[in-house]
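Novice: Next comes model-v7.txt, compact mmCIF, C-alpha atoms:
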# COMPACT_ATOMS: atom_id res chain seq x y z
CA LEU R 1 34.57 27.62 9.51
CA TYR R 2 33.43 30.59 11.51
CA TYR R 3 34.30 34.09 12.62
CA SER R 4 33.20 35.79 15.83
CA LYS R 5 34.65 38.42 18.14
CA THR R 6 33.23 36.98 21.36
CA PHE R 7 33.75 33.24 20.76
CA CYS R 8 37.01 31.35 20.46
CA ASN R 9 37.63 30.80 16.76
CA HIS R 10 38.67 27.21 17.39
CA CYS R 11 36.58 25.61 20.17
CA LEU R 12 33.69 28.14 19.97
CA THR R 13 33.71 28.76 23.71
CA GLU R 14 32.38 32.18 24.69
CA SER R 15 34.86 34.23 26.69
CA PRO R 16 35.20 37.90 27.71
CA SER R 17 39.00 37.70 27.52
CA LEU R 18 39.98 36.21 24.16
CA LYS R 19 43.54 36.65 22.93
CA ARG R 20 44.04 38.00 19.43
CA CYS R 21 46.38 36.60 16.84
CA SER R 22 49.55 38.68 17.32
CA LYS R 23 50.01 39.09 13.57
CA CYS R 24 46.64 39.89 11.94
CA LYS R 25 44.78 40.96 15.13
CA HIS R 26 41.53 39.49 13.75
CA MET R 27 41.29 35.93 15.01
CA ARG R 28 40.63 35.34 18.71
CA TYR R 29 41.36 32.31 20.91
CA CYS R 30 40.62 31.32 24.48
CA SER R 31 43.94 29.50 25.04
CA GLU R 32 47.34 28.82 23.53
CA ASN R 33 46.23 25.27 22.74
CA CYS R 34 43.26 26.53 20.68
CA GLN R 35 45.53 28.99 18.89
CA ARG R 36 47.95 26.17 17.95
CA GLU R 37 45.08 24.00 16.70
CA GLY R 38 43.48 26.89 14.85
CA TRP R 39 46.77 27.76 13.16
CA LYS R 40 46.39 24.72 10.88
CA ILE R 41 43.80 26.72 8.94
CA HIS R 42 44.53 30.27 10.03
CA ARG R 43 48.10 30.08 8.66
CA LEU R 44 46.52 30.02 5.19
CA GLU R 45 44.66 33.30 5.70
CA CYS R 46 46.60 35.25 8.32
CA GLY R 47 48.67 37.13 5.75
CA GLY R 48 45.56 38.15 3.84
CA MET R 49 43.85 39.34 7.00
CA CYS R 50 46.83 41.61 7.67
CA HIS R 51 45.68 43.69 4.68
CA VAL R 52 42.43 44.48 6.53
CA PRO R 53 42.47 46.96 9.45
CA SER R 54 42.06 45.14 12.76
CA SER R 55 39.16 47.43 13.64
CA SER R 56 37.17 46.13 10.64
CA HIS R 57 34.98 43.04 10.75
CA ILE R 58 35.58 40.45 8.01
CA PRO R 59 32.27 38.77 7.08
CA SER R 60 32.35 34.97 6.99
CA LEU R 61 31.53 34.84 3.28
CA ILE R 62 34.49 37.05 2.36
CA ARG R 63 36.83 35.13 4.63
CA LEU R 64 35.77 31.75 3.20
CA CYS R 65 36.01 32.89 -0.43
CA ALA R 66 39.56 34.15 0.13
CA LEU R 67 40.54 31.08 2.14
CA PHE R 68 39.43 28.51 -0.43
CA LEU R 69 40.79 30.47 -3.38
CA SER R 70 44.21 30.67 -1.75
CA SER R 71 44.43 26.99 -0.77
CA THR R 72 43.78 24.12 -3.16
CA GLU R 73 44.51 21.72 -0.30
CA LEU R 74 41.75 23.16 1.86
CA LYS R 75 39.38 23.40 -1.09
CA ASN R 76 39.82 19.68 -1.71
CA GLU R 77 39.50 18.84 1.99
CA PHE R 78 36.11 20.53 2.13
CA SER R 79 35.03 19.11 -1.27
CA VAL R 80 34.20 22.59 -2.50
CA SER R 81 34.15 21.42 -6.11
CA SER R 82 31.21 19.12 -5.30
CA LEU R 83 29.02 21.91 -3.94
CA MET R 84 26.01 22.93 -5.99
CA LYS R 85 26.20 26.39 -7.53
CA HIS R 86 23.89 28.63 -9.53
CA GLU R 87 25.47 29.69 -12.82
CA ASN R 88 22.83 32.29 -13.63
CA ILE R 89 21.66 33.94 -10.43
CA GLU R 90 18.79 36.36 -11.09
CA ASN R 91 18.38 37.18 -7.42
CA ASP R 92 18.84 40.94 -6.91
CA ARG R 93 19.92 40.61 -3.28
CA ILE R 94 22.64 38.07 -4.08
CA GLN R 95 23.86 40.10 -7.08
CA GLU R 96 23.87 43.37 -5.12
CA TYR R 97 26.01 41.83 -2.37
CA TYR R 98 28.63 40.48 -4.79
CA PRO R 99 30.55 43.78 -5.42
CA PHE R 100 31.05 44.07 -1.65
CA VAL R 101 32.40 40.50 -1.54
CA LEU R 102 34.61 41.08 -4.59
CA LYS R 103 36.16 44.14 -2.96
CA GLY R 104 36.76 42.33 0.34
CA VAL R 105 38.22 39.17 -1.21
CA THR R 106 40.44 41.18 -3.57
CA GLU R 107 41.77 43.12 -0.59
CA MET R 108 42.59 39.92 1.30
CA LEU R 109 44.22 38.33 -1.75
CA LYS R 110 46.19 41.47 -2.65
CA GLY R 111 49.17 40.56 -4.83
CA SER R 112 48.01 36.94 -5.28
CA SER R 113 47.23 35.23 -8.58
CA ALA R 114 44.13 33.85 -6.84
CA ALA R 115 42.53 37.32 -6.98
CA ASP R 116 40.83 36.56 -10.29
CA PRO R 117 37.32 38.13 -10.50
CA VAL R 118 36.04 35.14 -12.52
CA GLU R 119 37.26 32.68 -9.88
CA ILE R 120 35.97 34.87 -7.06
CA TYR R 121 32.50 35.01 -8.65
CA ALA R 122 32.44 31.23 -9.15
CA MET R 123 33.42 30.64 -5.51
CA TYR R 124 30.89 33.23 -4.32
CA ASN R 125 28.10 31.48 -6.25
CA LYS R 126 28.90 28.22 -4.46
CA LEU R 127 29.31 29.54 -0.95
CA VAL R 128 26.40 31.99 -0.89
CA VAL R 129 23.87 29.15 -1.21
CA ASN R 130 25.72 26.51 0.83
CA LEU R 131 26.60 28.24 4.10
CA PHE R 132 24.65 27.40 7.24
CA THR R 133 24.01 29.72 10.17
CA LEU R 134 26.27 28.62 13.01
CA GLU R 135 24.63 28.73 16.45
CA ASP R 136 25.96 28.32 19.95
CA GLY R 137 24.40 26.22 22.69
CA GLN R 138 21.79 28.95 23.35
CA LEU R 139 20.79 29.07 19.64
CA ARG R 140 22.48 32.46 19.18
CA THR R 141 24.03 33.16 15.78
CA ILE R 142 27.82 33.32 16.05
CA GLY R 143 28.97 32.87 12.45
CA SER R 144 28.65 30.71 9.35
CA ALA R 145 29.46 27.06 8.77
CA LEU R 146 30.37 25.20 5.59
CA ILE R 147 29.55 21.49 5.93
CA PRO R 148 29.61 19.80 2.50
CA GLU R 149 27.97 16.60 3.75
CA ILE R 150 25.01 18.51 5.17
CA SER R 151 24.80 20.77 2.12
CA LYS R 152 23.73 17.65 0.22
CA ILE R 153 20.59 17.40 2.38
CA ASN R 154 17.63 18.99 0.62
CA HIS R 155 15.34 21.61 2.10
CA SER R 156 11.72 21.01 3.08
CA CYS R 157 9.24 23.43 4.64
CA GLU R 158 7.97 20.45 6.63
CA PRO R 159 11.32 18.76 7.43
CA ASN R 160 11.82 15.45 9.18
CA CYS R 161 15.14 16.54 10.76
CA VAL R 162 16.72 19.63 12.29
CA LEU R 163 20.33 20.86 12.24
CA SER R 164 21.97 21.87 15.51
CA PHE R 165 25.50 22.50 16.77
CA LYS R 166 27.49 21.57 19.82
CA GLY R 167 30.83 23.32 19.64
CA ARG R 168 32.55 22.30 16.41
CA THR R 169 30.20 19.38 15.78
CA ALA R 170 27.00 19.52 13.73
CA TYR R 171 24.08 17.20 14.52
CA ILE R 172 21.19 16.08 12.37
CA THR R 173 18.29 14.99 14.61
CA ALA R 174 15.09 13.32 13.44
CA ILE R 175 11.96 15.15 14.64
CA ARG R 176 9.46 12.83 12.97
CA GLU R 177 9.29 9.14 12.25
CA ILE R 178 11.20 8.53 9.00
CA PRO R 179 10.04 5.43 7.09
CA LYS R 180 12.72 3.35 5.41
CA GLY R 181 13.67 4.78 2.03
CA THR R 182 12.37 8.29 2.84
CA GLU R 183 14.64 11.23 2.02
CA ILE R 184 16.14 13.08 4.99
CA THR R 185 15.29 16.80 4.87
CA ILE R 186 16.01 19.92 6.92
CA SER R 187 14.77 23.49 6.69
CA TYR R 188 17.16 26.13 5.39
CA ILE R 189 15.05 28.89 6.96
CA PRO R 190 13.42 29.47 10.38
CA LEU R 191 9.97 27.90 10.59
CA PRO R 192 6.98 28.13 10.72
CA LYS R 193 6.13 30.71 8.05
CA SER R 194 3.31 31.28 5.59
CA PHE R 195 3.59 30.12 1.96
CA LEU R 196 4.46 33.50 0.40
CA THR R 197 6.91 34.35 3.19
CA ARG R 198 8.72 31.02 2.72
CA LYS R 199 8.74 31.48 -1.05
CA GLU R 200 10.27 34.97 -0.81
CA HIS R 201 12.82 33.97 1.86
CA LEU R 202 14.09 30.93 -0.05
CA HIS R 203 14.39 32.85 -3.30
CA ARG R 204 16.12 35.82 -1.66
CA GLN R 205 18.64 33.81 0.34
CA TYR R 206 19.07 30.56 -1.62
CA ASN R 207 17.81 31.40 -5.13
CA PHE R 208 15.42 28.48 -5.58
CA THR R 209 11.71 27.71 -5.54
CA CYS R 210 10.59 25.01 -3.12
CA TYR R 211 8.41 22.12 -4.27
CA CYS R 212 8.35 20.13 -1.03
CA CYS R 213 5.17 18.27 -0.07
CA LEU R 214 3.80 21.24 1.90
CA CYS R 215 4.50 23.80 -0.83
CA SER R 216 3.17 21.50 -3.56
CA LYS R 217 -0.03 20.93 -1.59
CA GLN R 218 -0.54 24.66 -1.04
CA ARG R 219 0.14 25.36 -4.73
CA GLU R 220 -2.34 22.71 -5.80
CA GLU R 221 -5.07 23.82 -3.39
CA LYS R 222 -4.17 27.52 -3.78
CA VAL R 223 -5.05 28.02 -0.11
CA ASP R 224 -2.75 28.96 2.78
CA HIS R 225 -4.12 27.12 5.81
CA MET R 226 -1.39 28.71 7.95
CA LEU R 227 -3.11 32.10 7.77
CA MET R 228 -6.51 33.42 8.89
CA ARG R 229 -7.40 36.79 7.43
CA GLU R 230 -10.36 39.18 7.58
CA CYS R 231 -11.47 40.65 4.27
CA PRO R 232 -11.84 44.46 4.51
CA VAL R 233 -14.54 44.34 1.80
CA CYS R 234 -16.93 41.53 2.81
CA ASN R 235 -15.68 41.09 6.43
CA THR R 236 -15.32 37.34 5.97
CA HIS R 237 -12.76 35.49 8.13
CA SER R 238 -11.14 32.67 6.20
CA HIS R 239 -7.95 31.00 5.04
CA PRO R 240 -6.89 33.19 2.08
CA ARG R 241 -6.42 31.94 -1.45
CA ILE R 242 -2.90 32.12 -2.91
CA ASP R 243 -2.50 34.16 -6.08
CA LEU R 244 0.72 32.64 -7.49
CA GLU R 245 0.88 34.97 -10.50
CA ASN R 246 0.87 38.16 -8.43
CA ASP R 247 2.38 36.83 -5.17
CA ASP R 248 -0.74 38.00 -3.38
CA LEU R 249 -3.47 36.66 -1.11
CA SER R 250 -7.14 37.01 -1.97
CA CYS R 251 -10.47 36.56 -0.20
CA PRO R 252 -12.10 33.25 -1.25
CA SER R 253 -15.55 34.87 -0.94
CA CYS R 254 -15.26 38.11 -2.91
CA GLY R 255 -11.77 37.90 -4.48
CA SER R 256 -10.43 41.10 -2.89
CA SER R 257 -6.69 41.40 -2.30
CA LEU R 258 -5.74 40.73 1.32
CA LEU R 259 -1.96 41.01 1.31
CA LYS R 260 -1.85 44.60 0.10
CA SER R 261 -4.95 45.89 1.88
CA LEU R 262 -4.34 44.55 5.38
CA LYS R 263 -0.93 44.34 6.99
CA VAL R 264 -0.08 41.69 9.54
CA ASN R 265 0.68 44.38 12.12
CA ASP R 266 -2.90 45.63 11.85
CA LEU R 267 -4.16 42.12 12.39
CA VAL R 268 -1.96 41.69 15.42
CA LEU R 269 -3.29 44.88 17.01
CA LYS R 270 -6.90 43.90 16.31
CA ASN R 271 -6.51 40.41 17.75
CA ILE R 272 -4.32 41.32 20.73
CA ALA R 273 -7.12 43.59 21.92
CA ASN R 274 -9.28 40.47 22.28
CA PHE R 275 -6.60 38.27 23.88
CA ASP R 276 -6.98 37.42 27.50
CA SER R 277 -5.61 34.33 29.25
CA ALA R 278 -5.99 32.28 26.06
CA ILE R 279 -5.27 33.09 22.46
CA SER R 280 -8.28 33.54 20.17
CA THR R 281 -8.94 30.68 17.76
CA ARG R 282 -8.80 33.05 14.81
CA ALA R 283 -5.37 34.44 15.69
CA GLN R 284 -4.07 31.00 16.66
CA GLN R 285 -4.71 29.90 13.07
CA ASP R 286 -2.50 32.67 11.65
CA VAL R 287 1.17 31.74 11.88
CA GLU R 288 2.33 35.26 11.00
CA ILE R 289 0.47 36.65 14.01
CA ILE R 290 2.19 34.06 16.19
CA ASN R 291 5.58 35.08 14.77
CA HIS R 292 4.85 38.75 15.47
CA LEU R 293 3.87 37.94 19.05
CA VAL R 294 7.16 36.06 19.48
CA GLU R 295 9.09 39.03 18.06
CA ASP R 296 7.21 41.46 20.32
CA THR R 297 7.99 39.28 23.34
CA GLU R 298 11.70 39.20 22.51
CA ASN R 299 11.77 42.99 22.16
CA LEU R 300 9.98 43.44 25.51
CA ILE R 301 12.50 41.11 27.16
CA LEU R 302 15.39 43.16 25.75
CA GLU R 303 13.77 46.28 27.20
CA LYS R 304 13.32 44.45 30.55
CA HIS R 305 9.54 44.90 30.56
CA TRP R 306 8.98 41.56 32.27
CA GLU R 307 5.21 41.57 32.83
CA PRO R 308 4.18 42.71 29.31
CA ALA R 309 6.71 40.26 27.86
CA LEU R 310 5.18 37.40 29.85
CA ARG R 311 1.62 38.29 28.84
CA THR R 312 2.55 38.54 25.16
CA GLY R 313 4.69 35.41 25.28
CA LEU R 314 1.91 33.31 26.77
CA LYS R 315 -0.38 34.37 23.93
CA ALA R 316 2.22 33.19 21.42
CA THR R 317 2.88 29.88 23.19
CA VAL R 318 -0.52 28.36 22.40
CA GLY R 319 0.04 28.90 18.69
CA LEU R 320 3.66 27.76 18.84
CA MET R 321 2.61 24.44 20.36
CA ASP R 322 0.28 23.95 17.39
CA TRP R 323 2.69 25.09 14.69
CA ALA R 324 6.24 24.67 15.93
CA GLN R 325 6.71 22.39 18.93
CA LEU R 326 9.17 20.25 16.93
CA TYR R 327 11.70 23.08 16.57
CA PRO R 328 14.41 23.95 19.16
CA SER R 329 13.54 27.66 19.00
CA THR R 330 10.12 26.91 20.51
CA GLY R 331 11.65 25.13 23.49
CA LEU R 332 14.03 28.06 24.01
CA PHE R 333 11.19 30.60 23.82
CA ILE R 334 9.07 28.75 26.41
CA ALA R 335 12.08 28.43 28.72
CA LYS R 336 12.44 32.23 28.58
CA LEU R 337 8.85 32.54 29.79
CA GLY R 338 9.73 30.27 32.71
CA LYS R 339 12.56 32.63 33.60
CA LEU R 340 10.18 35.59 33.37
CA TYR R 341 7.97 34.06 36.06
CA LEU R 342 11.01 34.06 38.32
CA GLU R 343 11.68 37.73 37.53
CA GLN R 344 8.28 38.93 38.80
CA GLU R 345 7.96 41.02 41.96
CA TYR R 346 5.75 39.44 44.61
CA SER R 347 3.52 41.07 47.17
CA ASP R 348 3.00 37.90 49.23
CA ARG R 349 4.15 34.30 49.56
CA THR R 350 1.09 32.85 47.82
CA VAL R 351 1.80 34.80 44.61
CA TYR R 352 5.45 33.79 44.79
CA ILE R 353 4.65 30.07 45.08
CA ASP R 354 2.09 30.32 42.29
CA ASN R 355 4.65 31.89 39.95
CA VAL R 356 7.32 29.33 40.80
CA ASN R 357 4.74 26.63 40.01
CA ARG R 358 4.11 28.27 36.64
CA ALA R 359 7.85 28.46 36.00
CA VAL R 360 8.13 24.71 36.67
CA GLN R 361 5.33 24.11 34.14
CA MET R 362 7.09 26.26 31.52
CA PHE R 363 10.42 24.47 32.00
CA ASP R 364 8.65 21.10 31.81
CA ILE R 365 6.98 22.04 28.51
CA SER R 366 10.29 23.42 27.22
CA LEU R 367 12.10 20.16 28.01
CA LYS R 368 9.42 18.16 26.22
CA CYS R 369 9.86 20.34 23.10
CA LEU R 370 13.66 20.26 23.23
CA SER R 371 13.75 16.48 23.71
CA LEU R 372 12.10 16.16 20.27
CA SER R 373 14.86 18.02 18.46
CA LEU R 374 18.05 18.11 20.57
CA SER R 375 20.17 15.52 22.29
CA LYS R 376 19.91 15.44 26.07
CA ASN R 377 23.56 16.49 26.37
CA HIS R 378 23.01 19.65 24.34
CA GLU R 379 23.88 22.82 26.28
CA LEU R 380 20.38 24.28 25.99
CA PHE R 381 18.66 21.09 27.15
CA LEU R 382 21.01 20.80 30.14
CA GLU R 383 20.45 24.46 31.08
CA VAL R 384 16.64 24.14 31.02
CA GLU R 385 16.86 20.86 32.92
CA ARG R 386 18.94 22.64 35.60
CA LEU R 387 16.33 25.40 35.88
CA TYR R 388 13.55 22.82 36.10
CA ARG R 389 15.25 21.05 39.00
CA PHE R 390 16.11 24.37 40.66
CA THR R 391 12.49 25.53 40.67
CA GLN R 392 11.29 22.13 41.87
CA GLU R 393 13.73 22.41 44.77
CA ILE R 394 12.31 25.85 45.66
CA LEU R 395 8.84 24.34 45.88
CA ARG R 396 10.01 21.46 48.03
CA ASN R 397 11.68 23.89 50.44
CA GLN R 398 8.43 25.87 50.74
CA GLU R 399 6.37 22.85 51.80
Starting from the file, lay out its structure as structure tokens.

Specialist:
Amino acid sequence: LYYSKTFCNHCLTESPSLKRCSKCKHMRYCSENCQREGWKIHRLECGGMCHVPSSSHIPSLIRLCALFLSSTELKNEFSVSSLMKHENIENDRIQEYYPFVLKGVTEMLKGSSAADPVEIYAMYNKLVVNLFTLEDGQLRTIGSALIPEISKINHSCEPNCVLSFKGRTAYITAIREIPKGTEITISYIPLPKSFLTRKEHLHRQYNFTCYCCLCSKQREEKVDHMLMRECPVCNTHSHPRIDLENDDLSCPSCGSSLLKSLKVNDLVLKNIANFDSAISTRAQQDVEIINHLVEDTENLILEKHWEPALRTGLKATVGLMDWAQLYPSTGLFIAKLGKLYLEQEYSDRTVYIDNVNRAVQMFDISLKCLSLSLSKNHELFLEVERLYRFTQEILRNQE
């Protein structure tokens, strides 16, 4: 189930001219056929949505809570009763969000016996930890998805499978060899991340502590090999020790705190100054620096600063290939760099051909990454494959 203003609420096709439901004015469809098909579920919630001004956005969590509370038939169809829930949630973020959900669900269920705060809280507890981020073919977030079968798959910070979507269908794709009898796992959060970042993210969003093989190993060794930090006291560069009691990082040489005394942004600035055509070994060993470089690249792309975006993105790519080549987001990121080569202004033909060659290389690397985690009929794979062939054709025409 999903909710988006720019995608058809039934087939999930993006369209600039969606037609609204004539009654509630909230749901949008690309065709009469999709509206008829979508009515099978929307008929259960349309009346409730009429209580909400059409100019207001109804978050997926509120919509789903109201929908399942108002329809026992739908609740059974989606096996909601089988979903895991947390009876005693001590997570401040989840608890703080609940009054907002209670208000929204109560508004949608106005005048209904289903608007019972106890029932709403019980449903909220189940849905808040079982919803998946729904993505389109370009890996853009377009809503939330409840898939009971996939909710049964456990999380791992070093998963052997990834979850992806193609329209209304969810796919679980193996990204590593899975020996017979081995549990199938996916990641509930974007990867890669450092130990403390993963720990905080999982607790904040899903209210549990991870004991996967990677987390257990890092707990046992009390070292985060995904980070490389410089101690401001003894100037030693090393993989920091993990202080589980204080959620801190410390220098293995002198014991000084590293998390509170040196921010990642400072590290990024110090290391970027030394970056040239290749990423420094020290920065390449720090996954948080890589993530910041990716974020900086995305921001530069949004601002249409093509050359700085390309330089920053290339620095991130080396680390991504070490840490994250199994994930679809890496393939997408590298494909964007290929497009940036095509956006450059050229002073002569030689520079133009050189950049097209580099674009071909980027698209080739992207396809290799995407082939590890997506089917070859996935929209993103097909788009990058088209760009790869397009740039190859440019080169052939220049010969």

Novice: Mind dumping a table of every segment 194-256 of chain R residue within 8 Å of segment 143-165 of chain R, with the nearest atom pair and its distance in Å to one decimal, using all atoms listed in the file, sorted by chain and rising number, as a Markdown table?

Specialist:
| residue | atom | partner | partner_atom | distance |
| --- | --- | --- | --- | --- |
| R:Arg198 | CA | R:Cys157 | CA | 7.8 |
| R:Cys210 | CA | R:Ser156 | CA | 7.5 |
| R:Cys212 | CA | R:Ser156 | CA | 5.4 |
| R:Cys213 | CA | R:Glu158 | CA | 7.6 |
| R:Leu214 | CA | R:Glu158 | CA | 6.4 |
| R:Cys215 | CA | R:Cys157 | CA | 7.2 |

Novice: Figure out the distance between atom CA of Ser70 of chain R and atom CA of Asn33 of chain R, please, to one decimal in Å.

Specialist: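 Computed distance, atom CA of Asn33 of chain R to atom CA of Ser70 of chain R, equals 25.2 Å.
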
Novice: Have a look at R:Leu372, R:Ile301, R:Leu249, R:Leu196 and name the one nearest to Gln325 of chain R; count only C-alpha atoms.

Specialist: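 Of the candidates, the smallest distance to Gln325 of chain R is held by R:Leu372.
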
Novice: For Trp39 of chain R, which residue out of R:Asn9, R:Gln398, R:Ser113, R:Ser56 is the nearest one, using all atoms listed in the file?

Specialist: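 Closest residue, counting all atoms listed in the file: R:Asn9.
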
Novice: Hey, can you check how far atom CA of Ile394 of chain R sits from atom CA of Met321 of chain R?

Specialist: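 Interatomic distance, atom CA of Ile394 of chain R to atom CA of Met321 of chain R: 27.1 Å.
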
Novice: Which value, in Å to one decimal, gives the distance between atom CA of Val128 of chain R and atom CA of Glu14 of chain R?

Specialist: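 The value is 26.3 Å.
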
Novice: Using all atoms listed in the file, which of the listed residues (R:Val223, R:Ile41, R:Leu302, R:Leu293) sits closest to Lys315 of chain R?

Specialist: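 Distance minimum relative to Lys315 of chain R lands on R:Leu293.
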
Novice: Restrict the calculation to all atoms listed in the file, then for each residue of segment 54-141 of chain R with any atom at most 10 Å from an atom of segment 179-192 of chain R give the closest atom pair and their distance in Å to one decimal, rows by chain and rising residue number, as a Markdown table.

Specialist:
| residue | atom | partner | partner_atom | distance |
| --- | --- | --- | --- | --- |
| R:Val129 | CA | R:Tyr188 | CA | 9.9 |
| R:Asn130 | CA | R:Tyr188 | CA | 9.7 |
| R:Leu131 | CA | R:Tyr188 | CA | 9.8 |
| R:Phe132 | CA | R:Tyr188 | CA | 7.8 |
| R:Thr133 | CA | R:Tyr188 | CA | 9.1 |

Novice: Dump C-alpha atoms for the selected residues as a CSV table (one decimal), keeping the file's coordinate frame?

Specialist:
chain,number,residue,atom,x,y,z
R,129,VAL,CA,23.9,29.2,-1.2
R,130,ASN,CA,25.7,26.5,0.8
R,131,LEU,CA,26.6,28.2,4.1
R,132,PHE,CA,24.6,27.4,7.2
R,133,THR,CA,24.0,29.7,10.2

Novice: Go through R:Ser81, R:Asn76, R:Gln95, R:Gln392 and flag the residue nearest Asp364 of chain R, using all atoms listed in the file for the distances.

Specialist: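 That would be R:Gln392, the residue with the smallest distance to Asp364 of chain R.
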
Novice: Return as JSON the box centre and box size in Å, one decimal, for an axis-aligned box around all listed atoms of segment 101-116 of chain R padded by 3 Å per side.

Specialist:
{"center_x": 40.8, "center_y": 39.0, "center_z": -4.5, "size_x": 22.8, "size_y": 16.3, "size_z": 17.6}

Novice: If we count all atoms listed in the file and set the cut-off at 9 Å, which residues sit around segment 166-170 of chain R, ignoring sequence neighbours fewer than 6 positions away in its own chain? Please answer as a list in words.

Specialist: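 My reading of the contact set: Leu1, His10, Cys11, Leu12, Thr13, Glu135, Asp136, Gly137, Ile147, Ile150, His378 and Glu379 of chain R.
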